[in-house]
$ cat coords-v8.cif   # mmCIF, C-alpha atoms and all ligand atoms
data_model
#
loop_
_atom_site.label_atom_id
_atom_site.label_comp_id
_atom_site.auth_asym_id
_atom_site.auth_seq_id
_atom_site.Cartn_x
_atom_site.Cartn_y
_atom_site.Cartn_z
CA MET J 13 -57.58 87.47 38.59
CA ILE J 14 -54.75 85.05 39.34
CA ARG J 15 -51.41 86.86 39.68
CA LYS J 16 -49.25 84.84 41.99
CA ILE J 17 -49.19 81.13 42.86
CA GLY J 18 -47.16 79.00 45.26
CA ILE J 19 -45.84 75.49 44.73
CA SER J 20 -44.75 72.94 47.34
CA THR J 21 -43.67 69.31 47.44
CA GLY J 22 -44.62 67.26 50.52
CA GLY J 23 -44.15 63.72 51.85
CA GLY J 24 -41.48 61.24 50.74
CA ASP J 25 -39.67 62.31 47.59
CA CYS J 26 -40.06 60.40 44.36
CA PRO J 27 -38.77 60.52 40.78
CA GLY J 28 -40.65 63.08 38.68
CA LEU J 29 -41.17 65.82 41.30
CA ASN J 30 -38.89 68.17 39.38
CA ALA J 31 -40.76 67.41 36.14
CA VAL J 32 -43.96 68.66 37.81
CA ILE J 33 -42.25 71.74 39.25
CA ARG J 34 -40.77 72.58 35.84
CA ALA J 35 -44.12 72.17 34.08
CA VAL J 36 -45.94 74.33 36.65
CA VAL J 37 -43.35 77.12 36.53
CA ARG J 38 -43.06 77.16 32.73
CA THR J 39 -46.82 77.05 32.11
CA ALA J 40 -47.61 79.63 34.78
CA LYS J 41 -44.92 82.03 33.59
CA LEU J 42 -44.85 81.53 29.83
CA HIS J 43 -48.54 80.94 29.20
CA TYR J 44 -50.18 83.01 31.96
CA GLN J 45 -47.45 85.46 33.06
CA TRP J 46 -48.12 84.66 36.73
CA ASP J 47 -45.52 84.94 39.47
CA VAL J 48 -44.54 81.63 41.04
CA ILE J 49 -43.25 81.32 44.59
CA GLY J 50 -41.33 78.15 45.47
CA ILE J 51 -42.13 76.97 49.01
CA GLU J 52 -39.44 74.86 50.67
CA ASP J 53 -39.87 71.66 52.67
CA GLY J 54 -43.59 71.09 52.22
CA PHE J 55 -45.96 72.84 54.62
CA ASP J 56 -43.07 73.77 56.95
CA GLY J 57 -42.14 76.45 54.40
CA LEU J 58 -45.57 78.02 54.81
CA ILE J 59 -45.59 77.81 58.60
CA TYR J 60 -42.28 79.61 58.97
CA ALA J 61 -42.47 81.55 55.68
CA ARG J 62 -38.75 80.92 55.25
CA ASN J 63 -36.65 80.46 52.12
CA LEU J 64 -39.57 81.41 49.90
CA ARG J 65 -38.34 82.37 46.45
CA TYR J 66 -39.66 83.73 43.19
CA MET J 67 -39.06 81.10 40.54
CA THR J 68 -38.02 81.93 37.01
CA VAL J 69 -37.98 79.77 33.91
CA ASP J 70 -34.20 79.75 34.31
CA ASP J 71 -34.55 78.22 37.79
CA VAL J 72 -36.17 75.11 36.32
CA HIS J 73 -33.74 74.79 33.43
CA GLY J 74 -32.16 71.31 33.29
CA ILE J 75 -34.16 69.79 36.18
CA LEU J 76 -36.39 67.45 34.14
CA PRO J 77 -34.08 64.41 34.46
CA ARG J 78 -33.09 65.14 38.08
CA GLY J 79 -34.37 62.99 40.94
CA GLY J 80 -35.56 64.42 44.26
CA THR J 81 -37.13 67.87 44.49
CA ILE J 82 -35.37 71.21 44.14
CA LEU J 83 -37.85 72.57 46.72
CA GLY J 84 -37.04 70.04 49.43
CA THR J 85 -39.70 68.05 51.25
CA THR J 86 -40.53 66.41 54.54
CA ASN J 87 -42.62 63.45 55.58
CA ARG J 88 -42.49 64.46 59.21
CA GLY J 89 -45.13 66.47 61.01
CA ASN J 90 -48.49 67.93 60.16
CA PRO J 91 -49.31 71.66 60.47
CA PHE J 92 -52.54 70.79 62.29
CA LYS J 93 -50.54 68.92 64.95
CA HIS J 94 -47.17 70.59 64.90
CA LEU J 95 -44.56 69.81 67.51
CA VAL J 96 -42.92 72.98 68.88
CA VAL J 97 -40.71 73.68 71.87
CA GLU J 98 -42.14 76.29 74.24
CA ASN J 99 -40.41 77.17 77.53
CA GLY J 100 -38.17 74.14 77.09
CA LYS J 101 -41.16 71.80 76.69
CA GLU J 102 -42.48 70.04 73.58
CA VAL J 103 -46.09 71.02 72.84
CA VAL J 104 -48.41 70.13 69.96
CA LYS J 105 -49.90 73.17 68.21
CA ASP J 106 -52.28 73.81 65.34
CA MET J 107 -50.28 76.00 62.95
CA SER J 108 -52.92 76.09 60.21
CA PRO J 109 -54.15 79.65 61.08
CA LEU J 110 -50.54 80.83 60.62
CA ILE J 111 -50.41 79.16 57.19
CA VAL J 112 -53.65 80.87 56.16
CA GLU J 113 -52.28 84.22 57.36
CA ASN J 114 -48.92 83.74 55.58
CA ILE J 115 -50.70 82.90 52.33
CA ARG J 116 -52.71 86.13 52.66
CA VAL J 117 -49.65 88.24 53.45
CA LEU J 118 -47.70 86.71 50.55
CA GLY J 119 -50.61 87.43 48.23
CA LEU J 120 -50.78 83.86 46.92
CA ASP J 121 -53.89 83.32 44.79
CA ALA J 122 -53.42 79.54 44.73
CA ILE J 123 -51.09 76.78 45.89
CA VAL J 124 -50.07 73.68 43.96
CA CYS J 125 -49.57 70.87 46.51
CA ILE J 126 -47.66 67.92 45.14
CA GLY J 127 -48.00 65.03 47.55
CA GLY J 128 -49.30 61.62 48.52
CA ASP J 129 -52.21 60.73 50.78
CA GLY J 130 -50.76 62.50 53.86
CA SER J 131 -49.89 65.82 52.19
CA LEU J 132 -53.10 65.84 50.16
CA SER J 133 -55.17 65.24 53.32
CA ILE J 134 -53.53 68.35 54.80
CA ALA J 135 -54.24 70.22 51.53
CA ARG J 136 -57.88 69.15 51.78
CA ASP J 137 -58.15 70.47 55.33
CA LEU J 138 -56.51 73.78 54.36
CA PHE J 139 -58.96 74.02 51.45
CA LYS J 140 -61.81 73.65 53.96
CA MET J 141 -60.33 76.69 55.75
CA GLY J 142 -60.52 78.68 52.52
CA VAL J 143 -57.03 78.12 51.08
CA PRO J 144 -57.23 77.82 47.26
CA VAL J 145 -55.29 74.58 46.65
CA VAL J 146 -54.94 72.16 43.76
CA GLY J 147 -53.29 68.75 44.18
CA VAL J 148 -50.91 66.58 42.16
CA PRO J 149 -50.72 62.87 43.12
CA LYS J 150 -47.21 61.73 43.97
CA THR J 151 -45.86 58.50 45.47
CA ILE J 152 -43.81 55.52 44.39
CA ASP J 153 -46.40 53.36 46.21
CA ASN J 154 -49.16 54.06 43.63
CA ASP J 155 -51.72 53.65 46.40
CA LEU J 156 -54.05 56.59 45.69
CA SER J 157 -57.42 55.26 44.62
CA ALA J 158 -58.58 58.26 42.57
CA THR J 159 -55.90 57.97 39.91
CA ASP J 160 -54.78 55.12 37.73
CA LEU J 161 -51.17 56.11 38.34
CA THR J 162 -49.18 58.39 40.62
CA PHE J 163 -45.99 59.70 39.04
CA GLY J 164 -42.79 58.07 40.33
CA PHE J 165 -44.29 54.60 40.54
CA THR J 166 -43.13 53.26 37.18
CA THR J 167 -39.58 54.51 37.80
CA ALA J 168 -39.53 52.71 41.17
CA VAL J 169 -40.73 49.56 39.39
CA ASP J 170 -37.94 49.95 36.81
CA THR J 171 -35.35 50.34 39.58
CA ALA J 172 -36.58 47.26 41.42
CA THR J 173 -36.74 45.28 38.16
CA GLU J 174 -33.16 46.14 37.32
CA ALA J 175 -32.11 45.01 40.79
CA LEU J 176 -33.91 41.68 40.25
CA ASP J 177 -32.18 41.20 36.88
CA ARG J 178 -28.82 41.68 38.58
CA LEU J 179 -29.70 39.41 41.49
CA HIS J 180 -30.73 36.57 39.17
CA THR J 181 -27.19 36.21 37.86
CA THR J 182 -25.46 36.20 41.24
CA ALA J 183 -28.14 33.91 42.73
CA GLU J 184 -27.63 31.46 39.85
CA SER J 185 -23.83 31.52 40.23
CA HIS J 186 -24.04 30.72 43.96
CA HIS J 187 -27.15 28.49 43.91
CA ARG J 188 -28.73 30.77 46.48
CA VAL J 189 -32.11 32.11 47.37
CA MET J 190 -32.18 35.91 47.18
CA VAL J 191 -34.95 37.70 49.03
CA VAL J 192 -35.51 41.27 47.85
CA GLU J 193 -37.48 43.59 50.13
CA VAL J 194 -39.18 46.45 48.31
CA MET J 195 -41.15 49.50 49.48
CA GLY J 196 -44.85 50.24 49.01
CA ARG J 197 -46.13 50.54 52.54
CA ASP J 198 -49.53 48.75 52.74
CA ALA J 199 -49.89 48.32 48.98
CA GLY J 200 -48.08 45.64 47.01
CA TRP J 201 -47.87 47.38 43.64
CA ILE J 202 -44.09 47.76 43.46
CA ALA J 203 -43.57 44.14 44.58
CA LEU J 204 -46.17 42.79 42.16
CA GLU J 205 -45.08 44.68 39.06
CA SER J 206 -41.31 44.42 39.61
CA GLY J 207 -41.77 40.78 40.58
CA ILE J 208 -43.47 40.02 37.28
CA ALA J 209 -41.10 42.17 35.19
CA GLY J 210 -38.07 40.73 36.99
CA ALA J 211 -39.28 37.10 36.78
CA ALA J 212 -39.42 36.48 40.53
CA ASP J 213 -40.31 32.95 41.60
CA VAL J 214 -42.19 34.11 44.69
CA ILE J 215 -43.95 37.44 45.30
CA LEU J 216 -45.18 38.31 48.80
CA LEU J 217 -47.76 41.07 49.05
CA PRO J 218 -49.44 42.89 51.95
CA GLU J 219 -52.75 41.92 50.34
CA ILE J 220 -52.08 38.15 50.52
CA PRO J 221 -50.97 36.84 53.94
CA PHE J 222 -48.44 34.15 53.07
CA ASP J 223 -47.80 30.61 54.24
CA ILE J 224 -44.02 30.26 54.64
CA GLN J 225 -44.27 26.53 53.90
CA LYS J 226 -45.69 27.30 50.44
CA VAL J 227 -42.70 29.58 49.82
CA CYS J 228 -40.27 26.84 50.89
CA ASP J 229 -42.10 24.21 48.82
CA LYS J 230 -41.66 26.41 45.75
CA VAL J 231 -37.92 26.79 46.37
CA LYS J 232 -37.51 23.03 46.93
CA GLN J 233 -39.63 22.09 43.92
CA ARG J 234 -37.41 24.32 41.74
CA ARG J 235 -34.34 22.46 43.04
CA LEU J 236 -35.92 19.15 42.04
CA THR J 237 -36.28 20.43 38.48
CA GLY J 238 -32.66 21.61 38.37
CA ARG J 239 -33.22 25.29 39.17
CA LEU J 240 -30.77 25.78 42.00
CA SER J 241 -31.51 29.44 42.70
CA SER J 242 -34.73 31.29 43.48
CA ILE J 243 -35.73 34.93 43.68
CA ILE J 244 -38.30 36.07 46.24
CA VAL J 245 -39.73 39.60 46.22
CA ALA J 246 -41.23 40.66 49.54
CA ALA J 247 -43.19 43.87 49.92
CA GLU J 248 -42.20 45.66 53.15
CA GLY J 249 -45.84 45.46 54.29
CA ALA J 250 -46.25 41.71 53.65
CA ALA J 251 -47.22 39.60 56.63
CA GLN J 252 -47.07 35.91 57.38
CA LEU J 253 -50.35 34.08 57.79
CA GLY J 254 -51.69 34.75 61.28
CA GLY J 255 -48.96 37.34 61.89
CA ASP J 256 -48.51 41.07 61.58
CA ARG J 257 -46.40 43.20 59.25
CA ILE J 258 -43.00 43.95 60.74
CA VAL J 259 -42.71 47.45 62.16
CA GLN J 260 -39.36 49.17 62.78
CA ALA J 261 -40.74 52.31 64.41
CA GLU J 262 -44.22 53.18 65.61
CA ALA J 263 -46.14 56.21 64.33
CA SER J 264 -45.88 59.40 66.35
CA ILE J 265 -46.93 63.04 66.24
CA GLN J 266 -43.76 63.73 64.26
CA TYR J 267 -43.94 60.75 61.91
CA GLN J 268 -47.52 59.84 61.24
CA ASN J 269 -46.84 56.50 59.58
CA VAL J 270 -45.24 53.42 61.08
CA ARG J 271 -41.83 52.62 59.58
CA LEU J 272 -41.92 49.18 58.02
CA GLY J 273 -39.02 46.85 57.33
CA GLY J 274 -37.61 43.46 58.23
CA ILE J 275 -39.88 41.03 56.41
CA GLY J 276 -37.10 40.22 53.91
CA GLN J 277 -34.77 39.18 56.72
CA SER J 278 -37.49 37.11 58.37
CA VAL J 279 -38.35 35.27 55.13
CA ALA J 280 -34.69 34.61 54.29
CA ARG J 281 -34.03 33.18 57.75
CA GLN J 282 -37.04 30.88 57.67
CA VAL J 283 -36.38 29.67 54.12
CA GLU J 284 -32.77 28.84 55.01
CA GLU J 285 -33.83 27.03 58.21
CA ARG J 286 -36.55 25.01 56.51
CA THR J 287 -34.84 24.17 53.21
CA GLY J 288 -31.17 24.20 54.16
CA ILE J 289 -30.48 26.43 51.13
CA GLU J 290 -28.38 29.53 51.71
CA SER J 291 -30.72 32.54 51.61
CA ARG J 292 -29.64 36.17 51.47
CA VAL J 293 -31.58 39.38 51.73
CA VAL J 294 -31.30 42.66 49.83
CA VAL J 295 -33.32 45.65 51.06
CA LEU J 296 -33.74 48.08 48.16
CA GLY J 297 -35.01 50.88 50.41
CA HIS J 298 -34.58 54.45 49.25
CA LEU J 299 -32.83 53.43 46.02
CA GLN J 300 -36.40 53.08 44.76
CA ARG J 301 -37.13 56.73 45.51
CA GLY J 302 -33.89 58.25 44.26
CA GLY J 303 -32.49 58.94 40.82
CA SER J 304 -33.71 60.07 37.47
CA PRO J 305 -37.37 59.54 36.47
CA ASN J 306 -37.98 57.32 33.46
CA ALA J 307 -39.52 58.81 30.29
CA PHE J 308 -43.03 57.78 31.37
CA ASP J 309 -42.82 59.62 34.71
CA ARG J 310 -41.26 62.69 33.07
CA ILE J 311 -44.21 62.84 30.67
CA LEU J 312 -46.83 62.08 33.34
CA GLY J 313 -45.30 64.64 35.73
CA THR J 314 -45.23 67.23 32.94
CA ARG J 315 -48.86 66.58 32.01
CA TYR J 316 -49.91 66.74 35.69
CA GLY J 317 -48.05 70.05 36.15
CA VAL J 318 -49.72 71.67 33.13
CA ALA J 319 -53.13 70.34 34.21
CA ALA J 320 -52.66 71.71 37.76
CA VAL J 321 -52.04 75.20 36.33
CA GLU J 322 -55.13 74.86 34.13
CA LEU J 323 -57.21 73.97 37.22
CA ILE J 324 -56.00 77.20 38.84
CA ALA J 325 -56.78 79.21 35.69
CA GLN J 326 -60.32 77.82 35.87
CA LYS J 327 -60.43 78.47 39.65
CA GLN J 328 -61.23 74.83 40.22
CA PHE J 329 -59.79 74.74 43.72
CA GLY J 330 -59.97 71.72 46.01
CA TYR J 331 -59.33 69.40 43.05
CA MET J 332 -56.47 67.03 42.28
CA VAL J 333 -55.29 66.16 38.78
CA CYS J 334 -55.37 62.45 38.00
CA LEU J 335 -54.96 59.90 35.22
CA HIS J 336 -57.94 57.96 33.92
CA GLY J 337 -56.92 55.55 31.20
CA ARG J 338 -54.70 57.65 28.95
CA ASN J 339 -56.37 60.96 29.80
CA ILE J 340 -55.58 63.55 32.43
CA ASP J 341 -58.67 64.29 34.47
CA CYS J 342 -59.42 65.80 37.89
CA VAL J 343 -61.20 64.72 41.05
CA GLU J 344 -62.10 66.44 44.31
CA ILE J 345 -59.21 66.04 46.77
CA GLU J 346 -61.83 65.07 49.35
CA ARG J 347 -62.68 62.01 47.25
CA ALA J 348 -59.03 61.21 46.50
CA VAL J 349 -57.67 60.82 50.02
CA GLY J 350 -58.23 58.26 52.74
CA GLN J 351 -59.08 55.44 50.35
CA MET J 352 -56.09 53.31 49.63
CA LYS J 353 -55.78 51.53 46.29
CA ARG J 354 -54.48 48.05 47.01
CA VAL J 355 -53.72 45.02 44.87
CA ASP J 356 -56.75 42.80 44.26
CA PRO J 357 -55.60 39.33 45.36
CA ASN J 358 -57.94 37.80 42.77
CA GLY J 359 -57.38 40.43 40.10
CA GLN J 360 -56.02 39.92 36.60
CA ILE J 361 -52.41 40.81 37.31
CA VAL J 362 -52.04 38.39 40.22
CA THR J 363 -53.84 35.55 38.46
CA ALA J 364 -51.77 36.10 35.29
CA ALA J 365 -48.60 35.73 37.36
CA GLU J 366 -50.00 32.61 39.03
CA ALA J 367 -50.88 31.14 35.64
CA LEU J 368 -47.19 31.02 34.82
CA GLY J 369 -46.19 29.53 38.12
CA THR J 370 -45.35 32.49 40.35
CA GLU J 371 -45.95 31.61 43.99
CA PHE J 372 -47.75 34.11 46.24
CA GLY J 373 -47.68 31.89 49.32
CA ARG J 374 -51.46 31.59 49.47
CA PRO J 375 -52.62 28.96 51.91
CA ASN J 376 -54.22 26.03 50.08
CA HIS J 377 -57.79 26.99 50.96
CA ALA J 378 -57.35 30.46 49.40
CA ALA J 379 -57.15 29.58 45.71
CA PRO J 380 -57.61 32.62 43.48
CA LYS J 381 -61.09 33.11 42.08
CA ALA J 382 -60.05 33.07 38.42
CA ASN J 383 -58.23 29.75 38.78
CA LYS J 384 -61.07 28.37 40.86
CA GLU J 385 -63.59 29.36 38.21
CA ALA J 386 -61.46 27.69 35.52
CA ALA J 387 -61.16 24.57 37.68
CA ASP J 388 -64.94 24.51 38.30
CA LYS J 389 -65.57 24.79 34.56
CA LYS J 390 -63.17 21.92 33.89
CA LYS J 391 -64.93 19.75 36.50
CA SER J 392 -68.37 20.42 35.07
CA GLY J 393 -67.09 19.16 31.79
O1 LIG J 401 -44.58 56.40 50.79
C1 LIG J 401 -43.35 56.27 50.17
C2 LIG J 401 -42.41 55.44 50.98
O2 LIG J 401 -41.20 55.34 50.28
C3 LIG J 401 -42.95 54.07 51.38
O3 LIG J 401 -42.87 53.13 50.34
C4 LIG J 401 -42.07 53.75 52.56
O4 LIG J 401 -42.71 52.89 53.45
C5 LIG J 401 -41.88 55.10 53.20
O5 LIG J 401 -42.12 56.07 52.21
C6 LIG J 401 -40.49 55.30 53.78
O6 LIG J 401 -40.40 56.56 54.35
P1 LIG J 401 -39.06 57.14 55.00
O7 LIG J 401 -38.32 57.87 53.92
O8 LIG J 401 -39.52 58.08 56.05
O9 LIG J 401 -38.28 55.99 55.52
#
$ encode --input "coords-v8.cif" --output "structure tokens"
Amino acid sequence: MIRKIGISTGGGDCPGLNAVIRAVVRTAKLHYQWDVIGIEDGFDGLIYARNLRYMTVDDVHGILPRGGTILGTTNRGNPFKHLVVENGKEVVKDMSPLIVENIRVLGLDAIVCIGGDGSLSIARDLFKMGVPVVGVPKTIDNDLSATDLTFGFTTAVDTATEALDRLHTTAESHHRVMVVEVMGRDAGWIALESGIAGAADVILLPEIPFDIQKVCDKVKQRRLTGRLSSIIVAAEGAAQLGGDRIVQAEASIQYQNVRLGGIGQSVARQVEERTGIESRVVVLGHLQRGGSPNAFDRILGTRYGVAAVELIAQKQFGYMVCLHGRNIDCVEIERAVGQMKRVDPNGQIVTAAEALGTEFGRPNHAAPKANKEAADKKKSG
């Protein structure tokens, strides 16, 4: 019998987290009459068993349109390698046995873990230790391979698109190049989709190492045809041909991912030097993570939350809810983590953008397959 469940949000925040929390609490309480315990700040809340609270339907009233997470989150640390200070010295400790014990003492029959690849990998490892977990895929990066969409992604794309719309008008007024750096880590989904929706002239993706000369040629060619401004979208993980992505801070025990950033500045500087056209950079940063979720993410988050509770009711632990086509489905967390979903450089979305003239900075020898096939067909008659 399920009587009491816990819910936690881990990793970087994203629009739609509160929609999931609301759906879990309402379904668990109204449909199943279970108790729900809100766990604060991801797995830290379970290590220290602090600020745990019973959640009522009233507690989730009005949170659907709110950004962030009412439970708090962290993308620092990992309970399996937790940094603690002992006798004035920092030591790395495995706190997972403490989590297992706290879950037992609290009488939690299941935990809903809402997170991206990092938090879900931890959930998978806790599941292997016997913790009854279910997962909900969250991240603006949309880089989880086992689901068509993570919630939060389409809102981030909307935010970036609106920024591009605004930058077009100021770029046109000043005859400038505007370089917009967007998030996404090692996946170019936000850059690709906002770049298409926001009519960028150049899109630079982590999946396509770019030739800066091709970028400059595009800007200059636009000038020749009377277009005095250009918009370049650069994913934070994009790298120049033969170079590396630009890292601001290395990964550590505390922060398990490198912090990216700086490619926008580098592209703007090189374009200005090579073309003589004033080039400015805008780093959208955490604006993409903050604010109200769009209708799509509110609905997706709500459907994910309900589905997560249904997984618990069926005692299908170790699974993550996901979207396949238009249907909510589920997949083993084990199969959902550790395999990043990246943009296919020769896929339909990229080649569609190229068909209408968007530049990806591909070196000449790396023509996309679809265009190459079309060209081969033409040649053969
Ligand atoms: O994974 C989500 C994300 O926003 C990435 O796109 C970005 O690289 C990273 O988190 C930034 O994390 P932080 O908030 O620690 O700077």
$ atom_distance --input "coords-v8.cif" --atom1 "atom CA of J:Val169" --atom2 "atom CA of J:Thr363"
19.2 Å
$ residues_around --input "coords-v8.cif" --residues "stretch 242-251 of chain J" --least-positions-apart "2" --cutoff "8 Å" --atoms "all atoms listed in the file" --output "PDB file with C-alpha atoms, keeping the file's coordinate frame"
ATOM      1  CA  LEU J 176     -33.910  41.680  40.250  1.00  0.00           C
ATOM      2  CA  LEU J 179     -29.700  39.410  41.490  1.00  0.00           C
ATOM      3  CA  HIS J 180     -30.730  36.570  39.170  1.00  0.00           C
ATOM      4  CA  ALA J 183     -28.140  33.910  42.730  1.00  0.00           C
ATOM      5  CA  GLU J 184     -27.630  31.460  39.850  1.00  0.00           C
ATOM      6  CA  ARG J 188     -28.730  30.770  46.480  1.00  0.00           C
ATOM      7  CA  VAL J 189     -32.110  32.110  47.370  1.00  0.00           C
ATOM      8  CA  MET J 190     -32.180  35.910  47.180  1.00  0.00           C
ATOM      9  CA  VAL J 191     -34.950  37.700  49.030  1.00  0.00           C
ATOM     10  CA  VAL J 192     -35.510  41.270  47.850  1.00  0.00           C
ATOM     11  CA  GLU J 193     -37.480  43.590  50.130  1.00  0.00           C
ATOM     12  CA  VAL J 194     -39.180  46.450  48.310  1.00  0.00           C
ATOM     13  CA  MET J 195     -41.150  49.500  49.480  1.00  0.00           C
ATOM     14  CA  GLY J 196     -44.850  50.240  49.010  1.00  0.00           C
ATOM     15  CA  ARG J 197     -46.130  50.540  52.540  1.00  0.00           C
ATOM     16  CA  ASP J 198     -49.530  48.750  52.740  1.00  0.00           C
ATOM     17  CA  ALA J 199     -49.890  48.320  48.980  1.00  0.00           C
ATOM     18  CA  GLY J 200     -48.080  45.640  47.010  1.00  0.00           C
ATOM     19  CA  ILE J 202     -44.090  47.760  43.460  1.00  0.00           C
ATOM     20  CA  ALA J 203     -43.570  44.140  44.580  1.00  0.00           C
ATOM     21  CA  GLY J 207     -41.770  40.780  40.580  1.00  0.00           C
ATOM     22  CA  ALA J 212     -39.420  36.480  40.530  1.00  0.00           C
ATOM     23  CA  ASP J 213     -40.310  32.950  41.600  1.00  0.00           C
ATOM     24  CA  VAL J 214     -42.190  34.110  44.690  1.00  0.00           C
ATOM     25  CA  ILE J 215     -43.950  37.440  45.300  1.00  0.00           C
ATOM     26  CA  LEU J 216     -45.180  38.310  48.800  1.00  0.00           C
ATOM     27  CA  LEU J 217     -47.760  41.070  49.050  1.00  0.00           C
ATOM     28  CA  PRO J 218     -49.440  42.890  51.950  1.00  0.00           C
ATOM     29  CA  GLU J 219     -52.750  41.920  50.340  1.00  0.00           C
ATOM     30  CA  ILE J 220     -52.080  38.150  50.520  1.00  0.00           C
ATOM     31  CA  PRO J 221     -50.970  36.840  53.940  1.00  0.00           C
ATOM     32  CA  PHE J 222     -48.440  34.150  53.070  1.00  0.00           C
ATOM     33  CA  VAL J 231     -37.920  26.790  46.370  1.00  0.00           C
ATOM     34  CA  ARG J 234     -37.410  24.320  41.740  1.00  0.00           C
ATOM     35  CA  ARG J 239     -33.220  25.290  39.170  1.00  0.00           C
ATOM     36  CA  LEU J 240     -30.770  25.780  42.000  1.00  0.00           C
ATOM     37  CA  LEU J 253     -50.350  34.080  57.790  1.00  0.00           C
ATOM     38  CA  GLY J 255     -48.960  37.340  61.890  1.00  0.00           C
ATOM     39  CA  ASP J 256     -48.510  41.070  61.580  1.00  0.00           C
ATOM     40  CA  ARG J 257     -46.400  43.200  59.250  1.00  0.00           C
ATOM     41  CA  ILE J 258     -43.000  43.950  60.740  1.00  0.00           C
ATOM     42  CA  LEU J 272     -41.920  49.180  58.020  1.00  0.00           C
ATOM     43  CA  GLY J 273     -39.020  46.850  57.330  1.00  0.00           C
ATOM     44  CA  GLY J 274     -37.610  43.460  58.230  1.00  0.00           C
ATOM     45  CA  ILE J 275     -39.880  41.030  56.410  1.00  0.00           C
ATOM     46  CA  GLY J 276     -37.100  40.220  53.910  1.00  0.00           C
TER      47      GLY J 276
END
$ closest_residue --input "coords-v8.cif" --among "J:Ser108, J:Ser264, J:Thr173, J:Thr314" --to "J:Val143" --atoms "all atoms listed in the file"
J:Ser108
$ residues_around --input "coords-v8.cif" --residues "stretch 121-131 of chain J" --least-positions-apart "4" --cutoff "8 Å" --atoms "only C-alpha atoms" --output "list in words"
Ile14, Arg15, Lys16, Ile17, Gly18, Ile19, Ser20, Thr21, Gly22, Gly23, Leu29, Ala135, Val143, Pro144, Val145, Val146, Gly147, Val148, Pro149, Lys150, Thr151, Leu156, Ala320, Ile324, Val349 and Gly350 of chain J
$ axis_aligned_box --input "coords-v8.cif" --around "ligand LIG 401 (chain J)" --padding-each-side "6 Å" --output "JSON"
{"center_x": -41.4, "center_y": 55.5, "center_z": 53.1, "size_x": 18.3, "size_y": 17.2, "size_z": 17.9}
$ atom_distance --input "coords-v8.cif" --atom1 "atom CA of J:Asn339" --atom2 "atom C4 of ligand LIG 401 (chain J)"
27.8 Å
$ residues_around --input "coords-v8.cif" --residues "J:Glu52" --least-positions-apart "5" --cutoff "10 Å" --atoms "all atoms listed in the file" --output "compact mmCIF listing (two decimals) with C-alpha atoms, in the frame of the given file"
# COMPACT_ATOMS: atom_id res chain seq x y z
CA ILE J 19 -45.84 75.49 44.73
CA SER J 20 -44.75 72.94 47.34
CA THR J 21 -43.67 69.31 47.44
CA GLY J 22 -44.62 67.26 50.52
CA GLY J 57 -42.14 76.45 54.40
CA LEU J 58 -45.57 78.02 54.81
CA TYR J 60 -42.28 79.61 58.97
CA ALA J 61 -42.47 81.55 55.68
CA ARG J 62 -38.75 80.92 55.25
CA ASN J 63 -36.65 80.46 52.12
CA LEU J 64 -39.57 81.41 49.90
CA ARG J 65 -38.34 82.37 46.45
CA THR J 81 -37.13 67.87 44.49
CA ILE J 82 -35.37 71.21 44.14
CA LEU J 83 -37.85 72.57 46.72
CA GLY J 84 -37.04 70.04 49.43
CA THR J 85 -39.70 68.05 51.25
CA THR J 86 -40.53 66.41 54.54
$ closest_residue --input "coords-v8.cif" --among "J:Ile134, J:Val97, J:Leu204, J:Ala348" --to "J:Val362" --atoms "only C-alpha atoms"
J:Leu204
$ atom_distance --input "coords-v8.cif" --atom1 "atom CA of J:Gln360" --atom2 "atom CA of J:Thr181"
29.1 Å
$ closest_residue --input "coords-v8.cif" --among "J:Ile115, J:Val293, J:Ile152, J:Val69" --to "ligand LIG 401 (chain J)" --atoms "all atoms listed in the file"
J:Ile152
